[in-house]
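Participant: Supplied structure: structure.pdb, PDB, C-alpha atoms and all ligand atoms.
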MODEL        1
ATOM      1  CA  MET A   1     -32.854  75.347 -73.247
ATOM      2  CA  ILE A   2     -33.613  75.913 -69.602
ATOM      3  CA  GLU A   3     -30.545  76.165 -67.444
ATOM      4  CA  THR A   4     -30.650  73.987 -64.338
ATOM      5  CA  PRO A   5     -28.691  75.606 -61.549
ATOM      6  CA  LEU A   6     -26.354  73.251 -59.689
ATOM      7  CA  ALA A   7     -27.695  72.135 -56.324
ATOM      8  CA  ARG A   8     -26.122  73.760 -53.283
ATOM      9  CA  VAL A   9     -23.805  71.431 -51.389
ATOM     10  CA  LEU A  10     -24.023  70.887 -47.619
ATOM     11  CA  LYS A  11     -21.224  68.977 -45.904
ATOM     12  CA  ILE A  12     -22.179  67.353 -42.598
ATOM     13  CA  PHE A  13     -19.259  66.262 -40.430
ATOM     14  CA  PHE A  14     -20.322  63.647 -37.893
ATOM     15  CA  HIS A  15     -18.796  61.338 -35.282
ATOM     16  CA  ASP A  16     -17.931  58.297 -37.375
ATOM     17  CA  ALA A  17     -18.736  54.648 -36.554
ATOM     18  CA  CYS A  18     -21.252  55.811 -33.970
ATOM     19  CA  PHE A  19     -25.011  55.307 -33.771
ATOM     20  CA  ASP A  20     -25.533  58.761 -32.264
ATOM     21  CA  GLY A  21     -23.222  60.443 -34.773
ATOM     22  CA  THR A  22     -24.972  58.931 -37.797
ATOM     23  CA  THR A  23     -28.457  59.514 -36.345
ATOM     24  CA  SER A  24     -27.480  63.148 -35.726
ATOM     25  CA  ALA A  25     -26.333  63.506 -39.345
ATOM     26  CA  ALA A  26     -29.540  61.902 -40.673
ATOM     27  CA  LEU A  27     -31.679  64.128 -38.458
ATOM     28  CA  PHE A  28     -29.911  67.299 -39.522
ATOM     29  CA  SER A  29     -30.176  66.236 -43.199
ATOM     30  CA  ALA A  30     -33.950  65.894 -42.862
ATOM     31  CA  PHE A  31     -34.224  69.277 -41.115
ATOM     32  CA  TYR A  32     -32.120  70.989 -43.768
ATOM     33  CA  ARG A  33     -34.222  69.616 -46.611
ATOM     34  CA  ASP A  34     -37.464  70.527 -44.821
ATOM     35  CA  VAL A  35     -36.541  73.993 -43.613
ATOM     36  CA  VAL A  36     -33.507  75.390 -45.436
ATOM     37  CA  ASP A  37     -33.232  73.950 -48.953
ATOM     38  CA  ALA A  38     -35.285  71.067 -50.343
ATOM     39  CA  SER A  39     -32.948  70.399 -53.271
ATOM     40  CA  VAL A  40     -29.655  70.517 -51.342
ATOM     41  CA  ASP A  41     -26.926  67.995 -52.197
ATOM     42  CA  ILE A  42     -25.839  66.528 -48.825
ATOM     43  CA  ARG A  43     -22.388  64.993 -48.247
ATOM     44  CA  PRO A  44     -22.031  63.263 -44.866
ATOM     45  CA  ILE A  45     -18.377  62.978 -43.750
ATOM     46  CA  GLY A  46     -17.300  60.786 -40.811
ATOM     47  CA  MET A  47     -14.765  62.306 -38.403
ATOM     48  CA  VAL A  48     -12.482  60.617 -35.861
ATOM     49  CA  HIS A  49     -11.018  62.190 -32.744
ATOM     50  CA  ARG A  50      -7.278  62.514 -32.851
ATOM     51  CA  ASP A  51      -4.485  64.251 -31.099
ATOM     52  CA  GLY A  52      -4.231  67.759 -32.530
ATOM     53  CA  ASN A  53      -6.826  69.473 -34.689
ATOM     54  CA  PRO A  54      -9.016  66.856 -36.441
ATOM     55  CA  PHE A  55     -10.187  69.503 -38.937
ATOM     56  CA  GLU A  56      -6.676  70.253 -40.151
ATOM     57  CA  GLY A  57      -6.546  69.584 -43.896
ATOM     58  CA  VAL A  58     -10.317  69.031 -44.050
ATOM     59  CA  PRO A  59     -11.625  71.469 -46.675
ATOM     60  CA  LEU A  60     -14.683  73.551 -45.767
ATOM     61  CA  ASP A  61     -15.378  74.177 -49.437
ATOM     62  CA  ALA A  62     -19.119  73.499 -49.709
ATOM     63  CA  ASP A  63     -21.920  76.083 -49.746
ATOM     64  CA  ASP A  64     -22.773  75.305 -46.124
ATOM     65  CA  HIS A  65     -21.235  73.182 -43.340
ATOM     66  CA  ALA A  66     -22.493  71.431 -40.245
ATOM     67  CA  CYS A  67     -20.759  69.455 -37.531
ATOM     68  CA  VAL A  68     -22.714  67.067 -35.306
ATOM     69  CA  ASP A  69     -21.716  64.969 -32.281
ATOM     70  CA  PHE A  70     -18.133  66.058 -32.779
ATOM     71  CA  ARG A  71     -15.661  68.637 -31.471
ATOM     72  CA  PHE A  72     -16.084  72.368 -31.900
ATOM     73  CA  CYS A  73     -14.507  73.831 -35.037
ATOM     74  CA  ALA A  74     -13.730  77.536 -34.740
ATOM     75  CA  ASP A  75     -13.879  78.225 -38.489
ATOM     76  CA  PRO A  76     -16.903  80.530 -39.037
ATOM     77  CA  LYS A  77     -17.645  78.544 -42.215
ATOM     78  CA  MET A  78     -18.778  75.751 -39.877
ATOM     79  CA  ARG A  79     -22.128  77.494 -39.578
ATOM     80  CA  TRP A  80     -24.014  74.720 -37.761
ATOM     81  CA  TRP A  81     -22.628  72.943 -34.728
ATOM     82  CA  PHE A  82     -24.248  70.564 -32.248
ATOM     83  CA  ASP A  83     -22.390  68.612 -29.581
ATOM     84  CA  HIS A  84     -22.831  67.073 -26.157
ATOM     85  CA  HIS A  85     -19.265  65.928 -25.422
ATOM     86  CA  PRO A  86     -17.902  67.726 -22.328
ATOM     87  CA  THR A  87     -14.510  67.667 -24.086
ATOM     88  CA  ALA A  88     -15.857  69.470 -27.194
ATOM     89  CA  PHE A  89     -13.428  72.371 -26.788
ATOM     90  CA  GLN A  90      -9.883  71.287 -27.480
ATOM     91  CA  PRO A  91      -7.695  73.074 -26.752
ATOM     92  CA  PRO A  92      -9.889  74.548 -23.965
ATOM     93  CA  SER A  93      -9.162  78.059 -25.305
ATOM     94  CA  LEU A  94     -11.652  77.262 -28.120
ATOM     95  CA  ARG A  95     -14.353  77.723 -25.501
ATOM     96  CA  ASP A  96     -13.540  81.466 -25.570
ATOM     97  CA  VAL A  97     -14.149  81.575 -29.318
ATOM     98  CA  TYR A  98     -17.464  79.803 -28.790
ATOM     99  CA  GLU A  99     -18.535  82.215 -26.023
ATOM    100  CA  ALA A 100     -17.410  85.330 -27.938
ATOM    101  CA  GLU A 101     -18.845  84.505 -31.377
ATOM    102  CA  HIS A 102     -21.782  82.410 -30.278
ATOM    103  CA  LEU A 103     -23.486  81.938 -33.630
ATOM    104  CA  PRO A 104     -27.226  81.328 -33.148
ATOM    105  CA  THR A 105     -26.697  78.085 -35.111
ATOM    106  CA  TRP A 106     -24.261  76.603 -32.583
ATOM    107  CA  PHE A 107     -25.718  74.343 -29.887
ATOM    108  CA  PHE A 108     -23.859  72.753 -26.986
ATOM    109  CA  ASP A 109     -25.316  70.798 -24.054
ATOM    110  CA  PRO A 110     -22.995  68.399 -22.236
ATOM    111  CA  SER A 111     -25.935  67.162 -20.117
ATOM    112  CA  SER A 112     -27.757  65.691 -23.124
ATOM    113  CA  PRO A 113     -27.595  61.860 -23.248
ATOM    114  CA  SER A 114     -27.213  61.998 -27.037
ATOM    115  CA  CYS A 115     -26.379  64.604 -29.636
ATOM    116  CA  ALA A 116     -29.363  63.484 -31.728
ATOM    117  CA  GLY A 117     -31.631  64.330 -28.767
ATOM    118  CA  LEU A 118     -29.995  67.744 -28.459
ATOM    119  CA  ILE A 119     -30.524  68.413 -32.179
ATOM    120  CA  ALA A 120     -34.185  67.349 -32.064
ATOM    121  CA  ARG A 121     -34.928  69.564 -29.039
ATOM    122  CA  SER A 122     -32.979  72.574 -30.338
ATOM    123  CA  LEU A 123     -34.480  72.525 -33.821
ATOM    124  CA  GLU A 124     -38.004  72.203 -32.495
ATOM    125  CA  ALA A 125     -37.517  75.043 -29.987
ATOM    126  CA  LYS A 126     -35.881  77.369 -32.487
ATOM    127  CA  TYR A 127     -37.524  76.518 -35.822
ATOM    128  CA  GLY A 128     -40.668  74.654 -34.769
ATOM    129  CA  TRP A 129     -39.384  71.688 -36.766
ATOM    130  CA  LYS A 130     -40.354  68.172 -35.734
ATOM    131  CA  PRO A 131     -38.698  65.053 -37.131
ATOM    132  CA  SER A 132     -40.779  62.258 -38.665
ATOM    133  CA  ALA A 133     -41.977  59.564 -36.241
ATOM    134  CA  GLN A 134     -39.339  57.254 -37.772
ATOM    135  CA  LEU A 135     -36.502  59.641 -37.047
ATOM    136  CA  ALA A 136     -37.893  60.399 -33.590
ATOM    137  CA  ASP A 137     -37.646  56.663 -32.881
ATOM    138  CA  ALA A 138     -33.983  56.665 -33.961
ATOM    139  CA  VAL A 139     -33.384  59.591 -31.563
ATOM    140  CA  VAL A 140     -34.823  57.587 -28.647
ATOM    141  CA  TRP A 141     -32.389  54.794 -29.526
ATOM    142  CA  ALA A 142     -29.477  57.247 -29.772
ATOM    143  CA  ASP A 143     -30.209  58.386 -26.185
ATOM    144  CA  LYS A 144     -30.364  54.790 -25.044
ATOM    145  CA  ILE A 145     -27.225  53.605 -26.835
ATOM    146  CA  ASP A 146     -25.001  56.669 -26.302
ATOM    147  CA  ALA A 147     -25.769  56.814 -22.580
ATOM    148  CA  ALA A 148     -25.784  52.999 -22.163
ATOM    149  CA  GLN A 149     -29.292  53.161 -20.699
ATOM    150  CA  PHE A 150     -29.823  49.412 -20.642
ATOM    151  CA  LYS A 151     -30.881  47.446 -17.569
ATOM    152  CA  THR A 152     -28.204  44.809 -18.027
ATOM    153  CA  ALA A 153     -25.028  44.318 -20.044
ATOM    154  CA  GLU A 154     -26.804  41.456 -21.846
ATOM    155  CA  ASP A 155     -29.558  43.862 -22.975
ATOM    156  CA  ALA A 156     -26.893  46.261 -24.188
ATOM    157  CA  ILE A 157     -25.265  43.689 -26.483
ATOM    158  CA  SER A 158     -28.522  42.176 -27.726
ATOM    159  CA  LEU A 159     -28.844  42.057 -31.517
ATOM    160  CA  ARG A 160     -32.568  41.363 -31.466
ATOM    161  CA  LEU A 161     -33.770  44.785 -32.653
ATOM    162  CA  PRO A 162     -32.695  46.647 -35.817
ATOM    163  CA  ALA A 163     -31.323  49.647 -33.875
ATOM    164  CA  GLN A 164     -28.852  47.468 -32.022
ATOM    165  CA  ARG A 165     -27.919  45.437 -35.096
ATOM    166  CA  LEU A 166     -27.228  48.681 -36.955
ATOM    167  CA  ALA A 167     -25.240  50.103 -34.018
ATOM    168  CA  ALA A 168     -23.074  46.954 -34.006
ATOM    169  CA  TRP A 169     -22.654  47.191 -37.779
ATOM    170  CA  LEU A 170     -21.548  50.845 -37.522
ATOM    171  CA  ALA A 171     -19.099  50.096 -34.718
ATOM    172  CA  HIS A 172     -17.343  47.581 -36.935
ATOM    173  CA  GLY A 173     -15.618  50.309 -38.932
ATOM    174  CA  ARG A 174     -17.497  50.782 -42.193
ATOM    175  CA  SER A 175     -16.107  52.509 -45.280
ATOM    176  CA  THR A 176     -16.888  56.203 -45.599
ATOM    177  CA  THR A 177     -19.133  55.447 -48.594
ATOM    178  CA  ASP A 178     -21.054  52.875 -46.570
ATOM    179  CA  THR A 179     -21.730  55.249 -43.667
ATOM    180  CA  ALA A 180     -22.597  58.165 -45.982
ATOM    181  CA  ARG A 181     -25.140  55.970 -47.765
ATOM    182  CA  TYR A 182     -26.496  54.780 -44.424
ATOM    183  CA  VAL A 183     -27.002  58.383 -43.229
ATOM    184  CA  GLU A 184     -28.895  59.206 -46.427
ATOM    185  CA  TRP A 185     -31.183  56.146 -46.024
ATOM    186  CA  LEU A 186     -31.846  56.881 -42.356
ATOM    187  CA  SER A 187     -32.729  60.497 -43.149
ATOM    188  CA  ARG A 188     -35.627  59.188 -45.267
ATOM    189  CA  GLY A 189     -36.677  55.871 -43.711
ATOM    190  CA  SER A 190     -37.102  53.925 -40.500
ATOM    191  CA  LEU A 191     -34.438  51.833 -38.773
ATOM    192  CA  ASN A 192     -36.477  48.785 -39.791
ATOM    193  CA  GLU A 193     -36.505  49.777 -43.448
ATOM    194  CA  VAL A 194     -32.789  50.535 -43.453
ATOM    195  CA  ALA A 195     -31.925  47.225 -41.767
ATOM    196  CA  ASP A 196     -34.132  45.408 -44.269
ATOM    197  CA  ARG A 197     -32.503  46.873 -47.389
ATOM    198  CA  PRO A 198     -30.994  44.243 -49.708
ATOM    199  CA  GLU A 199     -27.585  45.970 -49.374
ATOM    200  CA  MET A 200     -27.763  45.746 -45.576
ATOM    201  CA  ARG A 201     -29.308  42.346 -44.859
ATOM    202  CA  PRO A 202     -26.231  40.212 -45.617
ATOM    203  CA  GLN A 203     -23.941  42.597 -43.732
ATOM    204  CA  LEU A 204     -26.145  42.543 -40.633
ATOM    205  CA  ALA A 205     -26.332  38.752 -40.788
ATOM    206  CA  ALA A 206     -22.515  38.700 -40.837
ATOM    207  CA  VAL A 207     -22.445  40.891 -37.706
ATOM    208  CA  GLU A 208     -24.498  38.244 -35.902
ATOM    209  CA  THR A 209     -22.258  35.374 -37.015
ATOM    210  CA  GLU A 210     -19.148  37.260 -35.964
ATOM    211  CA  ARG A 211     -20.655  37.950 -32.554
ATOM    212  CA  ALA A 212     -20.305  34.321 -31.439
ATOM    213  CA  ARG A 213     -16.639  34.272 -32.460
ATOM    214  CA  GLU A 214     -16.046  37.606 -30.746
ATOM    215  CA  LEU A 215     -17.359  36.332 -27.425
ATOM    216  CA  ASP A 216     -14.758  33.544 -27.461
ATOM    217  CA  ALA A 217     -11.954  35.908 -28.459
ATOM    218  CA  VAL A 218     -12.825  38.525 -25.837
ATOM    219  CA  LYS A 219     -13.034  35.890 -23.108
ATOM    220  CA  THR A 220      -9.412  34.822 -23.607
ATOM    221  CA  LEU A 221      -8.220  38.391 -24.207
ATOM    222  CA  GLY A 222      -9.290  40.042 -20.953
ATOM    223  CA  GLU A 223      -6.415  40.773 -18.559
ATOM    224  CA  TRP A 224      -7.116  41.936 -15.000
ATOM    225  CA  ARG A 225      -5.024  44.843 -13.783
ATOM    226  CA  GLY A 226      -6.469  45.796 -10.415
ATOM    227  CA  ASN A 227     -10.067  47.035 -10.836
ATOM    228  CA  VAL A 228      -9.536  47.393 -14.547
ATOM    229  CA  ILE A 229     -10.048  44.786 -17.233
ATOM    230  CA  VAL A 230      -7.745  45.425 -20.197
ATOM    231  CA  PHE A 231      -8.317  44.282 -23.775
ATOM    232  CA  ASP A 232      -5.148  44.909 -25.771
ATOM    233  CA  ARG A 233      -5.750  43.944 -29.392
ATOM    234  CA  MET A 234      -3.018  46.088 -30.900
ATOM    235  CA  ASP A 235      -1.064  43.078 -32.161
ATOM    236  CA  ASP A 236      -4.103  41.912 -34.098
ATOM    237  CA  VAL A 237      -4.430  44.701 -36.689
ATOM    238  CA  GLY A 238      -8.056  45.212 -37.724
ATOM    239  CA  ALA A 239      -9.537  43.393 -34.698
ATOM    240  CA  ARG A 240     -12.395  45.286 -33.162
ATOM    241  CA  SER A 241     -13.146  46.677 -29.752
ATOM    242  CA  PRO A 242     -15.175  44.363 -27.501
ATOM    243  CA  GLY A 243     -17.385  47.276 -26.423
ATOM    244  CA  PHE A 244     -20.092  46.131 -24.007
ATOM    245  CA  LEU A 245     -19.138  42.460 -24.550
ATOM    246  CA  GLY A 246     -16.347  43.107 -22.083
ATOM    247  CA  TYR A 247     -18.851  43.928 -19.337
ATOM    248  CA  VAL A 248     -20.919  40.829 -20.090
ATOM    249  CA  LEU A 249     -17.868  38.573 -19.753
ATOM    250  CA  PHE A 250     -16.184  40.436 -16.864
ATOM    251  CA  PRO A 251     -19.172  41.825 -14.924
ATOM    252  CA  THR A 252     -17.218  42.580 -11.747
ATOM    253  CA  CYS A 253     -14.824  45.106 -13.308
ATOM    254  CA  THR A 254     -15.085  48.786 -12.358
ATOM    255  CA  TYR A 255     -13.420  50.026 -15.540
ATOM    256  CA  ALA A 256     -12.493  48.603 -18.942
ATOM    257  CA  VAL A 257      -9.636  49.800 -21.129
ATOM    258  CA  THR A 258      -9.458  48.675 -24.740
ATOM    259  CA  ALA A 259      -6.835  49.192 -27.426
ATOM    260  CA  THR A 260      -7.341  48.348 -31.106
ATOM    261  CA  ARG A 261      -5.286  49.137 -34.176
ATOM    262  CA  THR A 262      -5.836  49.585 -37.914
ATOM    263  CA  PRO A 263      -2.996  50.463 -40.322
ATOM    264  CA  SER A 264      -3.793  54.181 -39.885
ATOM    265  CA  ASN A 265      -5.114  54.492 -36.308
ATOM    266  CA  ILE A 266      -4.749  53.199 -32.802
ATOM    267  CA  LYS A 267      -7.893  53.611 -30.778
ATOM    268  CA  ILE A 268      -7.807  53.403 -27.002
ATOM    269  CA  THR A 269     -11.041  53.608 -25.052
ATOM    270  CA  ALA A 270     -11.695  53.680 -21.347
ATOM    271  CA  GLY A 271     -15.098  53.180 -19.774
ATOM    272  CA  VAL A 272     -16.846  52.870 -16.447
ATOM    273  CA  ASN A 273     -18.767  49.597 -16.142
ATOM    274  CA  PRO A 274     -22.360  50.954 -16.280
ATOM    275  CA  TRP A 275     -23.714  47.811 -14.594
ATOM    276  CA  ASN A 276     -21.361  47.759 -11.633
ATOM    277  CA  PRO A 277     -23.110  49.477  -8.723
ATOM    278  CA  ALA A 278     -19.777  50.553  -7.169
ATOM    279  CA  PRO A 279     -19.553  54.363  -7.252
ATOM    280  CA  ARG A 280     -17.222  55.704  -9.921
ATOM    281  CA  THR A 281     -14.416  57.902  -8.721
ATOM    282  CA  HIS A 282     -12.857  59.098 -11.980
ATOM    283  CA  ASP A 283     -13.909  61.375 -14.821
ATOM    284  CA  VAL A 284     -12.825  59.188 -17.719
ATOM    285  CA  GLY A 285     -13.285  61.857 -20.418
ATOM    286  CA  GLU A 286     -11.150  64.341 -18.507
ATOM    287  CA  LEU A 287      -8.491  61.677 -17.984
ATOM    288  CA  CYS A 288      -8.488  60.855 -21.715
ATOM    289  CA  ALA A 289      -8.324  64.561 -22.591
ATOM    290  CA  ARG A 290      -5.134  64.855 -20.528
ATOM    291  CA  LEU A 291      -3.667  62.035 -22.640
ATOM    292  CA  GLY A 292      -4.628  63.669 -25.957
ATOM    293  CA  GLY A 293      -8.197  62.376 -26.398
ATOM    294  CA  GLY A 294     -11.602  63.216 -24.939
ATOM    295  CA  GLY A 295     -15.064  61.957 -24.079
ATOM    296  CA  HIS A 296     -17.704  61.878 -21.367
ATOM    297  CA  ALA A 297     -17.441  61.330 -17.601
ATOM    298  CA  VAL A 298     -18.147  57.619 -18.028
ATOM    299  CA  VAL A 299     -16.528  56.826 -21.364
ATOM    300  CA  GLY A 300     -13.687  58.350 -23.312
ATOM    301  CA  GLY A 301     -10.958  57.617 -25.793
ATOM    302  CA  VAL A 302      -7.622  58.535 -27.263
ATOM    303  CA  THR A 303      -6.883  58.069 -30.970
ATOM    304  CA  LEU A 304      -3.269  57.860 -32.082
ATOM    305  CA  ARG A 305      -1.575  57.246 -35.423
ATOM    306  CA  GLY A 306      -1.135  53.619 -36.442
ATOM    307  CA  ASP A 307       2.641  53.832 -35.950
ATOM    308  CA  GLU A 308       2.542  55.205 -32.387
ATOM    309  CA  LEU A 309       2.563  51.786 -30.743
ATOM    310  CA  GLU A 310       4.947  52.705 -27.952
ATOM    311  CA  ARG A 311       2.970  55.798 -27.020
ATOM    312  CA  ALA A 312      -0.216  53.702 -27.144
ATOM    313  CA  ARG A 313       1.120  51.115 -24.676
ATOM    314  CA  HIS A 314       2.242  53.935 -22.409
ATOM    315  CA  THR A 315      -1.233  55.533 -22.662
ATOM    316  CA  VAL A 316      -2.877  52.232 -21.666
ATOM    317  CA  ASP A 317      -0.495  51.951 -18.684
ATOM    318  CA  GLU A 318      -1.274  55.529 -17.628
ATOM    319  CA  LEU A 319      -5.020  54.945 -17.847
ATOM    320  CA  VAL A 320      -4.763  51.735 -15.811
ATOM    321  CA  ARG A 321      -2.558  53.401 -13.214
ATOM    322  CA  GLU A 322      -4.872  56.387 -12.739
ATOM    323  CA  LEU A 323      -8.047  54.291 -12.743
ATOM    324  CA  ASN A 324      -6.623  52.108  -9.968
ATOM    325  CA  GLU A 325      -5.757  55.108  -7.798
TER     326      GLU A 325
HETATM  327 MN    MN B   1     -22.785  61.212 -29.028
ENDMDL
END
Rewrite the structure from the file as C-alpha cells, please.
Facilitator:
Amino acid sequence: MIETPLARVLKIFFHDACFDGTTSAALFSAFYRDVVDASVDIRPIGMVHRDGNPFEGVPLDADDHACVDFRFCADPKMRWWFDHHPTAFQPPSLRDVYEAEHLPTWFFDPSSPSCAGLIARSLEAKYGWKPSAQLADAVVWADKIDAAQFKTAEDAISLRLPAQRLAAWLAHGRSTTDTARYVEWLSRGSLNEVADRPEMRPQLAAVETERARELDAVKTLGEWRGNVIVFDRMDDVGARSPGFLGYVLFPTCTYAVTATRTPSNIKITAGVNPWNPAPRTHDVGELCARLGGGGHAVVGGVTLRGDELERARHTVDELVRELNE
C-alpha cells in the first residue's frame, strides 16, 4: 500500500465580513497553490477587530500561517502578513517588532486603497506571480469598494453587479463556514461564477429584498447631532449597519456614526461622507484607535463585547463630540 502523506495545512486569517478581506484571502490562496504548495489544505479564518489582542487564544497550530487585511501579529509563526490599515500596529510598540524583525514575507503599505491590491503588487514584484484575470478583476473591485471610489452614494449602494451584491452579502454577517467556502470559490472562479452558484443565488436575492426594507428603517433611524448623523441600532440586536445607505438618505452629513449589536459584539463605526465636498478635518481611524479600535483616515471602528452597552453609548458620544469639534 502506498502511504499518502497528509496535506500541509495553511491557515489564512482575514478581515471578516469585508470584500477586501475575503478577496485578499482568495488571492493569497491562489498564490500559495501556484507558487508554494499545490496540494495545500487551506483554512480561511475571519477575524474581527476588538479591544485588546485579537489573536489571543487563536491557535497558530497549522504548518504555515498568513494574515491579510488585518492587524499585525508579532508571533513569528505568522509568516505571511499583508495590511494597509494605518492602525495595523496596536499597541504602537508592535511597530518596533515589525521594524526589527522585518520578515521578507511581511508587507505593509498604508497608502494602498485595498489590501488585495497590495498583495497583487507585492507578489508580482517579489515572485513574478500574476493572478488570473478573474482574480485581477476582483482586486479592481476591492480597490473601488474599500476606498469608496464611487462617483455617487447611489453608485456605491447599487446591487446591479455581482461584486456589489457579494459585498452586501458579506457585510450582512455570514457564518464562518459560509465565508470560508466563499473564499475557496473566489480563489478558483470569477465573481460572476461565485454569485451564480446555486448555494449563493437565493441568498443574494434575499439581500436585494432586504435592501428595500433597510432603506425605510434607516430613514427613520437617522438622528442629527451637529454635523454627524447617528444610527444607533444597539437596541435591535442583530440589525445591520446602514453602511453607505446612510449617505444616500442623509447626503448633507459630514460624518456618520453607526452602532450595531449582536449577542457577542457591539460594533461602532465612524466614517467621513465620501460624497460631501466639505473638507474633512478629522482622522477617523486615529480617533477610533484612541477609543480602543482602529481604521483608516476616512473610516474606522471600535468593536466591544456584546455586554458593554454603557461603554458603547459613551464611545458614540465621544465620537460625536470630537467629530463636531
Ligand atoms: Mn481593507
Participant: Separation of CA of Arg201 in chain A and CA of Leu215 in chain A, in Å?
Facilitator: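 A separation of 22.0 Å between them.
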Participant: Translate the PyMOL selection byres (((chain A and resi 134-141) around 12) and not hetatm), as applied to the file shown, into an explicit residue set as a ChimeraX atom specification.
Facilitator: /A:19-31,112-121,124,129-133,142-150,156,161-167,183,185-194
Participant: Decode the PyMOL selection byres (((chain A and resi 233) around 6) and not hetatm) for the given file into explicit residues and return them as a list in words.
Facilitator: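 Evaluating the PyMOL selection byres (((chain A and resi 233) around 6) and not hetatm) on these coordinates yields Asp232, Met234, Asp235, Asp236, Ala259 and Thr260 of chain A.
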Participant: For the point (-17.4, 70.8, -26.9) in file coordinates, what residues are within 9 Å, counting all atoms listed in the file? Give the answer as a list in words?
Facilitator: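 Taken together, the residues in range are Phe70, Arg71, Phe72, Phe82, Asp83, His84, His85, Pro86, Thr87, Ala88, Phe89, Gln90, Pro92, Leu94, Arg95, Phe108, Asp109 and Pro110 of chain A.
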Participant: If the PyMOL selection byres (((chain A and resi 61) around 12) and not hetatm) were run on this exact file, what residues would it hold? Put them as a ChimeraX atom specification.
Facilitator: /A:8-12,43,57-60,62-66,75,77-78
Participant: Tell me, in Å to one decimal, how far CA of Ala38 in chain A is from CA of Leu6 in chain A.
Facilitator: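 For CA of Ala38 in chain A relative to CA of Leu6 in chain A, the distance reads 13.1 Å.
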Participant: Complete range 149-167 of chain A at the level of N, CA and C atoms, written as a PDB file, in the coordinates of the input.
Facilitator:
ATOM      1  N   GLN A 149     -28.126  53.294 -21.582  1.00  0.00           N
ATOM      2  CA  GLN A 149     -29.292  53.161 -20.699  1.00  0.00           C
ATOM      3  C   GLN A 149     -29.978  51.805 -20.878  1.00  0.00           C
ATOM      4  N   PHE A 150     -29.248  50.757 -20.577  1.00  0.00           N
ATOM      5  CA  PHE A 150     -29.823  49.412 -20.642  1.00  0.00           C
ATOM      6  C   PHE A 150     -29.805  48.833 -19.235  1.00  0.00           C
ATOM      7  N   LYS A 151     -30.801  47.996 -18.932  1.00  0.00           N
ATOM      8  CA  LYS A 151     -30.881  47.446 -17.569  1.00  0.00           C
ATOM      9  C   LYS A 151     -29.700  46.538 -17.265  1.00  0.00           C
ATOM     10  N   THR A 152     -29.306  45.738 -18.252  1.00  0.00           N
ATOM     11  CA  THR A 152     -28.204  44.809 -18.027  1.00  0.00           C
ATOM     12  C   THR A 152     -27.230  44.888 -19.201  1.00  0.00           C
ATOM     13  N   ALA A 153     -26.020  44.357 -18.969  1.00  0.00           N
ATOM     14  CA  ALA A 153     -25.028  44.318 -20.044  1.00  0.00           C
ATOM     15  C   ALA A 153     -25.529  43.413 -21.178  1.00  0.00           C
ATOM     16  N   GLU A 154     -26.260  42.367 -20.831  1.00  0.00           N
ATOM     17  CA  GLU A 154     -26.804  41.456 -21.846  1.00  0.00           C
ATOM     18  C   GLU A 154     -27.788  42.195 -22.761  1.00  0.00           C
ATOM     19  N   ASP A 155     -28.638  43.057 -22.159  1.00  0.00           N
ATOM     20  CA  ASP A 155     -29.558  43.862 -22.975  1.00  0.00           C
ATOM     21  C   ASP A 155     -28.771  44.762 -23.925  1.00  0.00           C
ATOM     22  N   ALA A 156     -27.676  45.305 -23.404  1.00  0.00           N
ATOM     23  CA  ALA A 156     -26.893  46.261 -24.188  1.00  0.00           C
ATOM     24  C   ALA A 156     -26.264  45.614 -25.421  1.00  0.00           C
ATOM     25  N   ILE A 157     -25.921  44.320 -25.320  1.00  0.00           N
ATOM     26  CA  ILE A 157     -25.265  43.689 -26.483  1.00  0.00           C
ATOM     27  C   ILE A 157     -26.248  42.899 -27.344  1.00  0.00           C
ATOM     28  N   SER A 158     -27.523  42.925 -26.958  1.00  0.00           N
ATOM     29  CA  SER A 158     -28.522  42.176 -27.726  1.00  0.00           C
ATOM     30  C   SER A 158     -28.551  42.640 -29.191  1.00  0.00           C
ATOM     31  N   LEU A 159     -28.743  41.708 -30.093  1.00  0.00           N
ATOM     32  CA  LEU A 159     -28.844  42.057 -31.517  1.00  0.00           C
ATOM     33  C   LEU A 159     -30.264  41.792 -32.032  1.00  0.00           C
ATOM     34  N   ARG A 160     -31.206  41.743 -31.111  1.00  0.00           N
ATOM     35  CA  ARG A 160     -32.568  41.363 -31.466  1.00  0.00           C
ATOM     36  C   ARG A 160     -33.239  42.446 -32.318  1.00  0.00           C
ATOM     37  N   LEU A 161     -33.054  43.715 -31.957  1.00  0.00           N
ATOM     38  CA  LEU A 161     -33.770  44.785 -32.653  1.00  0.00           C
ATOM     39  C   LEU A 161     -32.864  45.481 -33.670  1.00  0.00           C
ATOM     40  N   PRO A 162     -33.491  46.014 -34.757  1.00  0.00           N
ATOM     41  CA  PRO A 162     -32.695  46.647 -35.817  1.00  0.00           C
ATOM     42  C   PRO A 162     -31.741  47.724 -35.305  1.00  0.00           C
ATOM     43  N   ALA A 163     -32.191  48.552 -34.343  1.00  0.00           N
ATOM     44  CA  ALA A 163     -31.323  49.647 -33.875  1.00  0.00           C
ATOM     45  C   ALA A 163     -30.004  49.093 -33.363  1.00  0.00           C
ATOM     46  N   GLN A 164     -30.080  48.012 -32.605  1.00  0.00           N
ATOM     47  CA  GLN A 164     -28.852  47.468 -32.022  1.00  0.00           C
ATOM     48  C   GLN A 164     -28.016  46.707 -33.049  1.00  0.00           C
ATOM     49  N   ARG A 165     -28.694  46.084 -34.024  1.00  0.00           N
ATOM     50  CA  ARG A 165     -27.919  45.437 -35.096  1.00  0.00           C
ATOM     51  C   ARG A 165     -27.180  46.497 -35.907  1.00  0.00           C
ATOM     52  N   LEU A 166     -27.861  47.608 -36.184  1.00  0.00           N
ATOM     53  CA  LEU A 166     -27.228  48.681 -36.955  1.00  0.00           C
ATOM     54  C   LEU A 166     -26.095  49.335 -36.160  1.00  0.00           C
ATOM     55  N   ALA A 167     -26.300  49.511 -34.848  1.00  0.00           N
ATOM     56  CA  ALA A 167     -25.240  50.103 -34.018  1.00  0.00           C
ATOM     57  C   ALA A 167     -23.996  49.212 -34.040  1.00  0.00           C
TER      58      ALA A 167
END
